[in-house]
file model_2.cif (mmCIF, C-alpha atoms (C1' of nucleotides))
data_query
#
loop_
_atom_site.label_atom_id
_atom_site.label_comp_id
_atom_site.auth_asym_id
_atom_site.auth_seq_id
_atom_site.Cartn_x
_atom_site.Cartn_y
_atom_site.Cartn_z
CA MET E 1 45.13 -36.78 240.43
CA ASN E 2 41.63 -38.10 239.76
CA THR E 3 39.75 -38.17 236.48
CA SER E 4 38.13 -34.75 236.61
CA ASN E 5 41.40 -33.22 237.74
CA LYS E 6 43.16 -34.54 234.65
CA ARG E 7 40.54 -32.97 232.42
CA GLU E 8 40.99 -29.65 234.21
CA THR E 9 44.75 -29.90 233.86
CA ILE E 10 44.49 -30.49 230.13
CA LEU E 11 42.23 -27.44 229.73
CA HIS E 12 44.51 -25.34 231.90
CA VAL E 13 47.76 -26.09 230.09
CA THR E 14 46.04 -25.85 226.69
CA LYS E 15 44.89 -22.34 227.55
CA GLU E 16 48.38 -21.20 228.48
CA LEU E 17 50.05 -22.84 225.50
CA ILE E 18 47.56 -21.41 223.01
CA ALA E 19 47.72 -17.97 224.63
CA VAL E 20 51.46 -17.96 224.03
CA ASN E 21 51.94 -20.04 220.87
CA GLY E 22 48.59 -19.80 219.09
CA PHE E 23 46.37 -22.62 217.85
CA HIS E 24 48.76 -23.87 215.18
CA GLY E 25 51.82 -23.41 217.36
CA THR E 26 50.33 -25.63 220.04
CA THR E 27 50.61 -29.35 219.36
CA MET E 28 48.91 -32.20 221.15
CA ALA E 29 52.39 -33.41 222.14
CA MET E 30 53.10 -30.06 223.85
CA ILE E 31 49.81 -30.21 225.72
CA ALA E 32 50.47 -33.78 226.85
CA GLU E 33 53.99 -33.00 228.02
CA LYS E 34 53.00 -29.89 229.97
CA ALA E 35 50.06 -31.78 231.54
CA GLY E 36 52.40 -34.65 232.48
CA ILE E 37 50.43 -37.25 230.57
CA ALA E 38 50.68 -39.18 227.31
CA THR E 39 49.20 -37.83 224.09
CA GLY E 40 46.69 -40.66 223.88
CA THR E 41 45.19 -39.73 227.24
CA ILE E 42 43.93 -36.41 225.88
CA TYR E 43 41.66 -38.36 223.56
CA ARG E 44 39.94 -40.02 226.50
CA TYR E 45 38.65 -36.61 227.61
CA PHE E 46 38.17 -34.88 224.26
CA THR E 47 37.36 -36.29 220.83
CA GLY E 48 40.10 -34.15 219.30
CA LYS E 49 41.85 -30.80 219.23
CA ASP E 50 38.77 -28.96 217.97
CA GLU E 51 36.52 -30.17 220.78
CA LEU E 52 39.23 -29.33 223.30
CA ILE E 53 39.46 -25.78 221.97
CA ASN E 54 35.71 -25.26 221.78
CA GLU E 55 35.22 -26.64 225.28
CA LEU E 56 37.94 -24.36 226.60
CA HIS E 57 36.25 -21.39 224.96
CA ARG E 58 32.90 -22.36 226.49
CA GLU E 59 34.40 -22.42 229.99
CA LEU E 60 36.44 -19.23 229.71
CA ASN E 61 33.62 -17.31 228.06
CA GLY E 62 31.35 -18.36 230.91
CA ARG E 63 33.89 -17.25 233.50
CA LEU E 64 34.30 -13.89 231.77
CA LEU E 65 30.56 -13.23 231.59
CA HIS E 66 30.22 -14.29 235.22
CA SER E 67 32.98 -11.96 236.32
CA LEU E 68 31.22 -8.98 234.69
CA LEU E 69 28.28 -9.47 237.04
CA LYS E 70 30.39 -9.58 240.22
CA ASP E 71 29.30 -6.67 242.47
CA TYR E 72 26.99 -5.55 239.64
CA PRO E 73 25.26 -2.33 240.76
CA LEU E 74 21.69 -3.41 239.93
CA GLY E 75 19.30 -0.51 240.37
CA GLU E 76 22.02 2.09 239.97
CA PRO E 77 21.87 4.47 236.98
CA MET E 78 22.67 3.20 233.52
CA HIS E 79 25.95 5.12 233.39
CA GLU E 80 27.09 3.50 236.63
CA ARG E 81 26.29 0.01 235.38
CA PHE E 82 28.03 0.66 232.07
CA LEU E 83 31.21 1.76 233.80
CA HIS E 84 31.08 -1.32 236.00
CA ILE E 85 30.88 -3.70 233.06
CA GLY E 86 33.62 -1.91 231.15
CA ARG E 87 35.96 -1.79 234.12
CA TYR E 88 35.37 -5.40 235.12
CA PHE E 89 35.93 -6.48 231.54
CA VAL E 90 39.33 -4.81 231.48
CA HIS E 91 40.18 -6.11 234.94
CA TYR E 92 39.44 -9.64 233.85
CA GLY E 93 41.82 -9.20 230.93
CA LEU E 94 44.57 -7.80 233.13
CA ALA E 95 44.12 -10.34 235.93
CA ALA E 96 43.87 -13.33 233.58
CA PRO E 97 46.01 -12.50 230.55
CA PHE E 98 46.15 -16.12 229.39
CA ASP E 99 42.36 -16.30 229.42
CA PHE E 100 42.14 -13.03 227.53
CA SER E 101 44.74 -13.99 224.92
CA PHE E 102 43.03 -17.31 224.32
CA LEU E 103 39.60 -15.70 223.96
CA GLU E 104 40.94 -13.01 221.66
CA GLN E 105 42.62 -15.55 219.39
CA PHE E 106 39.47 -17.65 219.42
CA HIS E 107 37.35 -14.72 218.27
CA ASN E 108 39.86 -13.78 215.57
CA SER E 109 39.82 -17.30 214.14
CA PRO E 110 37.40 -19.45 212.14
CA TYR E 111 36.33 -20.99 215.48
CA GLY E 112 35.13 -17.57 216.63
CA VAL E 113 33.36 -16.77 213.39
CA ALA E 114 31.51 -20.09 213.50
CA TYR E 115 30.60 -19.40 217.11
CA ARG E 116 29.22 -15.95 216.29
CA ARG E 117 27.23 -17.29 213.34
CA GLU E 118 25.65 -19.83 215.64
CA LEU E 119 24.87 -17.10 218.19
CA VAL E 120 23.13 -15.06 215.51
CA SER E 121 21.03 -18.00 214.33
CA ASN E 122 19.82 -18.98 217.84
CA GLU E 123 19.25 -15.40 218.88
CA LYS E 124 18.18 -16.38 222.36
CA THR E 125 21.56 -15.84 224.02
CA ARG E 126 21.62 -12.35 225.47
CA GLY E 127 24.29 -11.26 227.88
CA PRO E 128 24.32 -8.40 230.37
CA VAL E 129 25.67 -6.03 227.73
CA ASP E 130 22.76 -6.71 225.38
CA GLU E 131 20.29 -6.00 228.15
CA LEU E 132 22.07 -2.80 229.10
CA LEU E 133 22.12 -1.57 225.51
CA ASP E 134 18.46 -2.50 225.02
CA GLU E 135 17.47 -0.51 228.07
CA ALA E 136 19.64 2.45 227.10
CA ALA E 137 18.17 2.42 223.59
CA ARG E 138 14.61 2.36 225.01
CA GLU E 139 15.45 5.33 227.22
CA GLY E 140 16.92 7.12 224.20
CA ILE E 141 20.18 7.98 225.93
CA ILE E 142 22.50 6.32 223.39
CA LYS E 143 22.97 6.84 219.68
CA ILE E 144 20.73 5.06 217.23
CA LEU E 145 23.21 2.70 215.61
CA PRO E 146 23.18 -1.01 214.71
CA ARG E 147 23.88 -3.29 217.65
CA THR E 148 27.09 -4.56 216.05
CA VAL E 149 28.38 -0.98 215.76
CA LEU E 150 27.58 -0.17 219.40
CA THR E 151 29.34 -3.34 220.49
CA ALA E 152 32.37 -2.44 218.38
CA LEU E 153 32.46 1.07 219.88
CA ILE E 154 32.60 -0.42 223.38
CA PHE E 155 34.68 -3.58 223.08
CA GLY E 156 36.92 -2.62 220.17
CA PRO E 157 38.85 -0.11 222.28
CA LEU E 158 38.75 -2.18 225.46
CA ILE E 159 40.14 -5.27 223.76
CA GLY E 160 42.77 -3.10 222.10
CA VAL E 161 44.05 -1.54 225.31
CA ILE E 162 44.12 -4.89 227.11
CA ARG E 163 46.14 -6.46 224.31
CA ASP E 164 48.52 -3.52 224.24
CA HIS E 165 48.97 -3.85 227.98
CA ILE E 166 49.68 -7.58 227.79
CA LEU E 167 52.13 -7.05 224.93
CA GLY E 168 53.86 -4.31 226.90
CA PHE E 169 52.92 -1.40 224.62
CA ASN E 170 51.30 0.53 227.46
CA ARG E 171 50.69 0.40 231.24
CA LEU E 172 47.10 0.52 232.38
CA ASP E 173 46.57 1.91 235.85
CA GLU E 174 43.19 2.17 237.54
CA GLU E 175 42.78 5.80 236.48
CA THR E 176 43.52 5.13 232.80
CA VAL E 177 41.13 2.19 232.72
CA SER E 178 38.31 4.33 234.13
CA ARG E 179 38.97 7.15 231.71
CA THR E 180 39.07 4.71 228.79
CA VAL E 181 35.74 3.14 229.74
CA GLU E 182 34.32 6.62 230.18
CA ALA E 183 35.52 7.47 226.66
CA CYS E 184 33.66 4.41 225.33
CA TRP E 185 30.54 5.74 226.99
CA ASP E 186 31.10 9.10 225.33
CA ALA E 187 31.27 7.25 222.01
CA ILE E 188 27.83 5.69 222.33
CA ARG E 189 25.93 8.28 224.41
CA ILE E 190 23.83 10.90 222.67
CA MET F 191 54.33 -12.55 181.59
CA ASN F 192 57.61 -10.88 182.45
CA THR F 193 59.61 -11.17 185.66
CA SER F 194 58.02 -8.37 187.65
CA ASN F 195 54.56 -9.53 186.63
CA LYS F 196 55.16 -12.96 188.11
CA ARG F 197 56.22 -11.44 191.40
CA GLU F 198 53.06 -9.31 191.44
CA THR F 199 50.95 -12.34 190.66
CA ILE F 200 52.43 -14.28 193.56
CA LEU F 201 51.74 -11.40 195.95
CA HIS F 202 48.22 -10.99 194.61
CA VAL F 203 47.13 -14.61 194.94
CA THR F 204 48.85 -14.94 198.32
CA LYS F 205 46.82 -12.00 199.63
CA GLU F 206 43.54 -13.56 198.53
CA LEU F 207 44.40 -17.04 199.80
CA ILE F 208 45.55 -15.79 203.21
CA ALA F 209 42.54 -13.47 203.52
CA VAL F 210 40.29 -16.50 203.10
CA ASN F 211 42.29 -19.40 204.58
CA GLY F 212 44.66 -17.72 207.02
CA PHE F 213 48.44 -18.04 207.21
CA HIS F 214 48.51 -21.69 208.21
CA GLY F 215 45.68 -22.64 205.89
CA THR F 216 47.59 -21.27 202.91
CA THR F 217 50.29 -23.59 201.57
CA MET F 218 53.02 -22.78 199.10
CA ALA F 219 51.45 -25.39 196.81
CA MET F 220 48.14 -23.49 196.86
CA ILE F 221 49.89 -20.21 196.04
CA ALA F 222 51.81 -21.84 193.18
CA GLU F 223 48.70 -23.44 191.73
CA LYS F 224 46.60 -20.26 191.87
CA ALA F 225 49.47 -18.25 190.36
CA GLY F 226 49.85 -20.82 187.59
CA ILE F 227 53.49 -21.55 188.39
CA ALA F 228 55.54 -24.26 190.08
CA THR F 229 56.24 -24.16 193.81
CA GLY F 230 59.95 -23.76 193.24
CA THR F 231 59.41 -20.56 191.29
CA ILE F 232 58.12 -18.77 194.37
CA TYR F 233 61.57 -19.20 195.92
CA ARG F 234 63.16 -17.32 193.03
CA TYR F 235 61.27 -14.20 194.15
CA PHE F 236 61.10 -14.69 197.92
CA THR F 237 63.45 -16.47 200.30
CA GLY F 238 60.51 -18.22 201.96
CA LYS F 239 56.96 -17.94 203.18
CA ASP F 240 57.87 -15.44 205.90
CA GLU F 241 59.52 -13.00 203.52
CA LEU F 242 56.58 -13.33 201.15
CA ILE F 243 54.15 -12.45 203.94
CA ASN F 244 56.22 -9.56 205.28
CA GLU F 245 56.69 -8.13 201.81
CA LEU F 246 52.96 -8.38 201.15
CA HIS F 247 52.26 -6.55 204.39
CA ARG F 248 54.72 -3.82 203.49
CA GLU F 249 52.97 -3.20 200.17
CA LEU F 250 49.40 -3.32 201.47
CA ASN F 251 50.19 -1.16 204.51
CA GLY F 252 51.70 1.42 202.17
CA ARG F 253 48.64 1.35 199.94
CA LEU F 254 46.33 1.77 202.93
CA LEU F 255 48.28 4.73 204.34
CA HIS F 256 48.38 6.29 200.89
CA SER F 257 44.63 5.92 200.44
CA LEU F 258 43.98 7.79 203.69
CA LEU F 259 45.63 10.88 202.23
CA LYS F 260 43.59 10.86 199.02
CA ASP F 261 41.60 14.13 198.85
CA TYR F 262 42.93 14.95 202.34
CA PRO F 263 41.40 18.29 203.42
CA LEU F 264 44.64 19.98 204.48
CA GLY F 265 43.93 23.31 206.12
CA GLU F 266 40.40 22.33 207.07
CA PRO F 267 39.49 22.09 210.76
CA MET F 268 40.75 19.19 212.83
CA HIS F 269 37.31 17.61 213.07
CA GLU F 270 36.96 17.62 209.28
CA ARG F 271 40.33 15.96 208.80
CA PHE F 272 39.57 13.35 211.44
CA LEU F 273 36.31 12.40 209.76
CA HIS F 274 38.12 12.14 206.44
CA ILE F 275 40.70 9.71 207.76
CA GLY F 276 38.12 7.59 209.56
CA ARG F 277 35.82 7.41 206.56
CA TYR F 278 38.61 6.65 204.09
CA PHE F 279 39.93 3.95 206.40
CA VAL F 280 36.55 2.22 206.43
CA HIS F 281 36.11 2.70 202.70
CA TYR F 282 39.44 1.05 202.03
CA GLY F 283 38.31 -1.94 204.10
CA LEU F 284 35.00 -2.20 202.27
CA ALA F 285 36.47 -1.66 198.80
CA ALA F 286 39.39 -4.05 199.33
CA PRO F 287 38.15 -6.73 201.73
CA PHE F 288 41.02 -9.10 200.87
CA ASP F 289 43.56 -6.40 201.70
CA PHE F 290 41.75 -5.65 204.95
CA SER F 291 41.46 -9.28 206.00
CA PHE F 292 45.11 -9.90 205.28
CA LEU F 293 46.20 -6.81 207.22
CA GLU F 294 43.95 -7.67 210.13
CA GLN F 295 45.30 -11.20 210.34
CA PHE F 296 48.82 -9.89 210.07
CA HIS F 297 48.32 -7.51 212.98
CA ASN F 298 46.70 -10.25 215.10
CA SER F 299 49.65 -12.57 214.56
CA PRO F 300 53.24 -12.81 215.76
CA TYR F 301 54.24 -11.09 212.48
CA GLY F 302 52.22 -8.04 213.51
CA VAL F 303 53.54 -7.97 217.05
CA ALA F 304 57.12 -8.13 215.77
CA TYR F 305 56.32 -5.34 213.31
CA ARG F 306 54.87 -3.12 216.04
CA ARG F 307 57.84 -3.75 218.34
CA GLU F 308 60.14 -2.65 215.56
CA LEU F 309 58.02 0.46 214.98
CA VAL F 310 58.26 1.35 218.65
CA SER F 311 62.05 0.91 218.72
CA ASN F 312 62.68 3.08 215.62
CA GLU F 313 60.16 5.68 216.64
CA LYS F 314 60.70 7.72 213.52
CA THR F 315 57.75 6.33 211.58
CA ARG F 316 54.80 8.65 212.09
CA GLY F 317 51.70 8.40 209.96
CA PRO F 318 48.97 10.98 209.29
CA VAL F 319 47.02 9.80 212.32
CA ASP F 320 49.94 10.44 214.68
CA GLU F 321 50.32 13.95 213.32
CA LEU F 322 46.61 14.62 213.67
CA LEU F 323 46.55 13.39 217.26
CA ASP F 324 49.68 15.39 218.12
CA GLU F 325 48.11 18.55 216.80
CA ALA F 326 44.79 17.88 218.53
CA ALA F 327 46.61 17.22 221.79
CA ARG F 328 48.56 20.49 221.49
CA GLU F 329 45.32 22.37 220.91
CA GLY F 330 43.83 20.64 223.94
CA ILE F 331 40.69 19.49 222.11
CA ILE F 332 41.07 15.78 222.83
CA LYS F 333 41.29 13.84 226.07
CA ILE F 334 44.64 13.42 227.79
CA LEU F 335 45.19 9.69 227.36
CA PRO F 336 48.14 7.53 226.27
CA ARG F 337 48.64 7.42 222.52
CA THR F 338 47.92 3.67 222.42
CA VAL F 339 44.57 4.27 224.12
CA LEU F 340 43.58 7.03 221.69
CA THR F 341 44.51 4.79 218.78
CA ALA F 342 42.45 1.95 220.24
CA LEU F 343 39.45 4.27 220.70
CA ILE F 344 39.59 5.19 217.01
CA PHE F 345 40.66 2.05 215.18
CA GLY F 346 39.25 -0.58 217.53
CA PRO F 347 35.66 0.22 216.55
CA LEU F 348 36.46 0.91 212.89
CA ILE F 349 38.26 -2.40 212.44
CA GLY F 350 35.40 -4.13 214.24
CA VAL F 351 32.66 -2.75 212.02
CA ILE F 352 34.63 -3.47 208.85
CA ARG F 353 35.19 -7.07 209.91
CA ASP F 354 31.54 -7.47 210.83
CA HIS F 355 30.58 -6.10 207.44
CA ILE F 356 32.90 -8.46 205.57
CA LEU F 357 31.66 -11.43 207.61
CA GLY F 358 28.07 -10.42 206.91
CA PHE F 359 27.11 -9.51 210.47
CA ASN F 360 26.03 -6.01 209.46
CA ARG F 361 25.56 -3.76 206.41
CA LEU F 362 27.51 -0.52 206.41
CA ASP F 363 25.95 2.26 204.32
CA GLU F 364 27.49 5.69 203.89
CA GLU F 365 25.35 7.15 206.66
CA THR F 366 26.27 4.48 209.22
CA VAL F 367 29.97 4.80 208.42
CA SER F 368 29.85 8.57 208.99
CA ARG F 369 27.96 8.19 212.25
CA THR F 370 30.40 5.55 213.44
CA VAL F 371 33.44 7.71 212.70
CA GLU F 372 31.67 10.62 214.40
CA ALA F 373 31.15 8.39 217.46
CA CYS F 374 34.90 7.67 217.52
CA TRP F 375 35.51 11.39 217.55
CA ASP F 376 33.09 11.74 220.47
CA ALA F 377 35.15 9.11 222.27
CA ILE F 378 38.41 11.06 222.10
CA ARG F 379 37.22 14.69 222.09
CA ILE F 380 37.04 16.58 225.37
"C1'" DG P 381 44.42 -62.45 245.79
"C1'" DA P 382 42.66 -63.76 241.43
"C1'" DA P 383 39.83 -62.18 237.81
"C1'" DT P 384 38.00 -58.53 235.47
"C1'" DA P 385 37.43 -53.77 234.06
"C1'" DT P 386 39.26 -49.31 233.36
"C1'" DT P 387 42.73 -46.00 232.45
"C1'" DT P 388 47.05 -44.74 230.62
"C1'" DT P 389 50.89 -45.13 227.77
"C1'" DG P 390 53.88 -43.83 223.76
"C1'" DA P 391 55.49 -45.82 219.54
"C1'" DC P 392 53.38 -45.67 215.41
"C1'" DT P 393 50.64 -44.17 211.15
"C1'" DG P 394 49.52 -41.61 207.25
"C1'" DA P 395 48.40 -37.18 205.69
"C1'" DG P 396 50.40 -32.95 204.85
"C1'" DT P 397 54.12 -29.23 205.19
"C1'" DA P 398 58.07 -25.90 203.62
"C1'" DG P 399 61.68 -25.92 201.09
"C1'" DT P 400 65.26 -28.23 197.53
"C1'" DC P 401 67.58 -29.33 193.35
"C1'" DA P 402 68.70 -32.01 189.17
"C1'" DG P 403 66.95 -31.44 184.96
"C1'" DT P 404 64.26 -28.91 181.05
"C1'" DC P 405 63.90 -25.77 177.33
"C1'" DA P 406 62.84 -21.12 175.21
"C1'" DG P 407 65.35 -17.64 173.50
"C1'" DG P 408 69.56 -14.70 173.11
"C1'" DA P 409 74.60 -14.73 171.65
"C1'" DG P 410 78.11 -15.95 168.59
"C1'" DC N 411 72.81 -23.21 162.92
"C1'" DT N 412 74.92 -24.28 167.47
"C1'" DC N 413 75.82 -23.26 171.95
"C1'" DC N 414 74.76 -21.18 176.31
"C1'" DT N 415 72.17 -19.25 179.88
"C1'" DG N 416 69.08 -19.09 183.61
"C1'" DA N 417 64.14 -18.90 184.67
"C1'" DC N 418 61.37 -22.40 185.57
"C1'" DT N 419 59.71 -27.03 186.80
"C1'" DG N 420 57.78 -30.60 189.96
"C1'" DA N 421 59.14 -34.84 192.06
"C1'" DC N 422 61.51 -35.25 196.01
"C1'" DT N 423 63.36 -34.81 200.96
"C1'" DA N 424 63.14 -34.23 205.64
"C1'" DC N 425 60.11 -33.19 208.91
"C1'" DT N 426 55.78 -32.20 211.74
"C1'" DC N 427 51.31 -33.08 212.97
"C1'" DA N 428 46.71 -35.07 214.84
"C1'" DG N 429 45.08 -39.05 215.92
"C1'" DT N 430 45.33 -44.58 216.79
"C1'" DC N 431 45.84 -48.79 219.24
"C1'" DA N 432 48.04 -52.82 221.34
"C1'" DA N 433 50.09 -53.48 225.46
"C1'" DA N 434 51.07 -52.15 230.21
"C1'" DA N 435 49.61 -50.22 234.47
"C1'" DT N 436 46.25 -49.43 237.70
"C1'" DA N 437 41.76 -49.87 239.89
"C1'" DT N 438 37.68 -52.52 241.10
"C1'" DT N 439 34.99 -56.55 242.09
"C1'" DC N 440 34.03 -60.83 244.17
#
call {"tool": "encode", "arguments": {"input": "model_2.cif", "output": "structure tokens"}}
result
Amino acid sequence: MNTSNKRETILHVTKELIAVNGFHGTTMAMIAEKAGIATGTIYRYFTGKDELINELHRELNGRLLHSLLKDYPLGEPMHERFLHIGRYFVHYGLAAPFDFSFLEQFHNSPYGVAYRRELVSNEKTRGPVDELLDEAAREGIIKILPRTVLTALIFGPLIGVIRDHILGFNRLDEETVSRTVEACWDAIRI
Amino acid sequence: MNTSNKRETILHVTKELIAVNGFHGTTMAMIAEKAGIATGTIYRYFTGKDELINELHRELNGRLLHSLLKDYPLGEPMHERFLHIGRYFVHYGLAAPFDFSFLEQFHNSPYGVAYRRELVSNEKTRGPVDELLDEAAREGIIKILPRTVLTALIFGPLIGVIRDHILGFNRLDEETVSRTVEACWDAIRI
DNA sequence: GAATATTTTGACTGAGTAGTCAGTCAGGAG
DNA sequence: CTCCTGACTGACTACTCAGTCAAAATATTC
């Protein structure tokens, strides 16, 4: 196991532990044990728990955004592209439940609030969803509502159904996912 | 200050502290200090931190459900009643941000998951929303989707916009709230 | 293969936690 | 007035945690 591998291992086990036990339920000792290293070693790769968590979020958030653009139907109608993003978002959550649970906890924590505040201040970061909503708004095919509301109408339900699936409160098959994403479109379309 | 008053005070300050600092960021010492009592006194009213938190949830959840039925337009059309519940839900969140933040954190924590699992097992507890959705489903005016998905389509966005408002990411006026609830209806209606 | 540099180890530290309990004292009973 | 009672106190206990650092292990250089 070389240097970079050890860093990866730390990030990997931290993700799984936090997904299951939460931030406060995950100790540096647990991370070290599961990674097969000593606690002190973690501090050679990360300045502390906070940096480890923020770095993990950076990586997973990047992977998630990247996965939304896989097979992205550029040039196809707005509706088609919207469904693609919605479906791939849910699929990412179902295929990588640890990633999803970590990201969800991150966003529901002071880490996530700080991250969003920073995003708002440097308003340069615009993902595929922002571009889609901008275009749809220009074409006048979605409701005139604040951006935060539109985002909530799309991702609020999707995050909810993914969490319910992971917790075992429902079973999402392909059909249900498609109909749910379609319902989100109904929410924002004129 | 009589006995029952002290218990109320403990619950009140705990709600505010947890809303701001979270479960783990709120210590028994902080609660005692803000309530103007000694730490040991808390244990005369609650067996421990967990019971205190669960009891607080029980009370606030009851208050929230109760507030949804204020001025409830019984007998009016389905659509009217749906808008009422959605709007009153958001209003509760805006009028009582500490209550909302506590409840949101509770539901995003192991406490909330345990609570939901218990709800599912004793499936007797049915709130006004369940009854509304049952009726709408019987009349065939909403989409055929699992109950958990319908709930996510309604409350996912509403919770999101309330949180964004409390965190200062948007400003919800009466008009925007109504249009948002209307959009949730568009999501579930046929 | 010796000397040097780098990485890893894990016992340790000190700050902080939930919960405890011997003792206090205001106020009701006799 | 004296004696109880029990709600209340807060210093205390037992424990957990993130982070440190001297020493050991391993790798690299010459």
call {"tool": "closest_atom_pairs", "arguments": {"input": "model_2.cif", "of": "chain N", "to": "chain E", "cutoff": "12 Å", "atoms": "only C-alpha atoms (C1' of nucleotides)", "output": "JSON lines"}}
result
{"residue": "N:DT426", "atom": "C1'", "partner": "E:Thr27", "partner_atom": "CA", "distance": 9.6}
{"residue": "N:DC427", "atom": "C1'", "partner": "E:Thr27", "partner_atom": "CA", "distance": 7.4}
{"residue": "N:DA428", "atom": "C1'", "partner": "E:Met28", "partner_atom": "CA", "distance": 7.3}
{"residue": "N:DG429", "atom": "C1'", "partner": "E:Gly48", "partner_atom": "CA", "distance": 7.8}
{"residue": "N:DT430", "atom": "C1'", "partner": "E:Gly40", "partner_atom": "CA", "distance": 8.2}
{"residue": "N:DC431", "atom": "C1'", "partner": "E:Gly40", "partner_atom": "CA", "distance": 9.4}
{"residue": "N:DA437", "atom": "C1'", "partner": "E:Asn2", "partner_atom": "CA", "distance": 11.8}
call {"tool": "interface_residues", "arguments": {"input": "model_2.cif", "of": "chain P", "to": "chain E", "cutoff": "7 Å", "atoms": "all atoms listed in the file", "output": "PDB file with C-alpha atoms (C1' of nucleotides), in the frame of the given file"}}
result
ATOM      1  C1'  DT P 388      47.050 -44.740 230.620  1.00  0.00           C
ATOM      2  C1'  DT P 389      50.890 -45.130 227.770  1.00  0.00           C
ATOM      3  C1'  DG P 390      53.880 -43.830 223.760  1.00  0.00           C
TER       4       DG P 390
END
call {"tool": "residues_around", "arguments": {"input": "model_2.cif", "residues": "Ile166 in chain E", "least_positions_apart": "4", "cutoff": "9 Å", "atoms": "all atoms listed in the file", "output": "list in words"}}
result
Gly93, Leu94, Pro97, Ser101, Val161, Ile162, Asn170 and Arg171 of chain E
call {"tool": "closest_atom_pairs", "arguments": {"input": "model_2.cif", "of": "chain E", "to": "chain F", "cutoff": "7 Å", "atoms": "all atoms listed in the file", "output": "CSV"}}
result
residue,atom,partner,partner_atom,distance
E:Thr148,CA,F:Asn360,CA,6.8
E:Val149,CA,F:Val351,CA,6.0
E:Ala152,CA,F:Pro347,CA,4.6
E:Leu153,CA,F:Pro347,CA,4.7
E:Gly156,CA,F:Gly346,CA,4.1
E:Pro157,CA,F:Ala342,CA,4.6
E:Gly160,CA,F:Ala342,CA,5.4
E:Val161,CA,F:Val339,CA,6.0
E:Asn170,CA,F:Thr338,CA,6.8
E:Ala183,CA,F:Ala377,CA,4.7
E:Cys184,CA,F:Ala377,CA,5.8
E:Asp186,CA,F:Ala377,CA,5.1
E:Ala187,CA,F:Ala377,CA,4.3
E:Ile188,CA,F:Ala373,CA,6.5
call {"tool": "residues_around", "arguments": {"input": "model_2.cif", "residues": "His269 in chain F", "least_positions_apart": "2", "cutoff": "10 Å", "atoms": "only C-alpha atoms (C1' of nucleotides)", "output": "JSON, numbers by chain"}}
result
{"F": [266, 267, 271, 272, 273, 274, 322, 326, 331, 372, 375, 379]}
call {"tool": "residues_around", "arguments": {"input": "model_2.cif", "residues": "Arg197 in chain F", "least_positions_apart": "6", "cutoff": "9 Å", "atoms": "all atoms listed in the file", "output": "PyMOL selection string"}}
result
chain F and resi 232+235-236
call {"tool": "axis_aligned_box", "arguments": {"input": "model_2.cif", "around": "range 419-432 of chain N", "padding_each_side": "3 Å", "output": "AutoDock Vina command-line options"}}
result
--center_x 54.2 --center_y -39.9 --center_z 204.1 --size_x 24.3 --size_y 31.8 --size_z 40.5
call {"tool": "atom_distance", "arguments": {"input": "model_2.cif", "atom1": "CA of His202 in chain F", "atom2": "CA of Lys224 in chain F"}}
result
9.8 Å
call {"tool": "resolve_selection", "arguments": {"input": "model_2.cif", "expression": "the PyMOL selection byres ((chain N and resi 415) around 12)", "output": "VMD selection string"}}
result
(chain P and resid 405 to 409) or (chain N and resid 413 to 414 416 to 417)
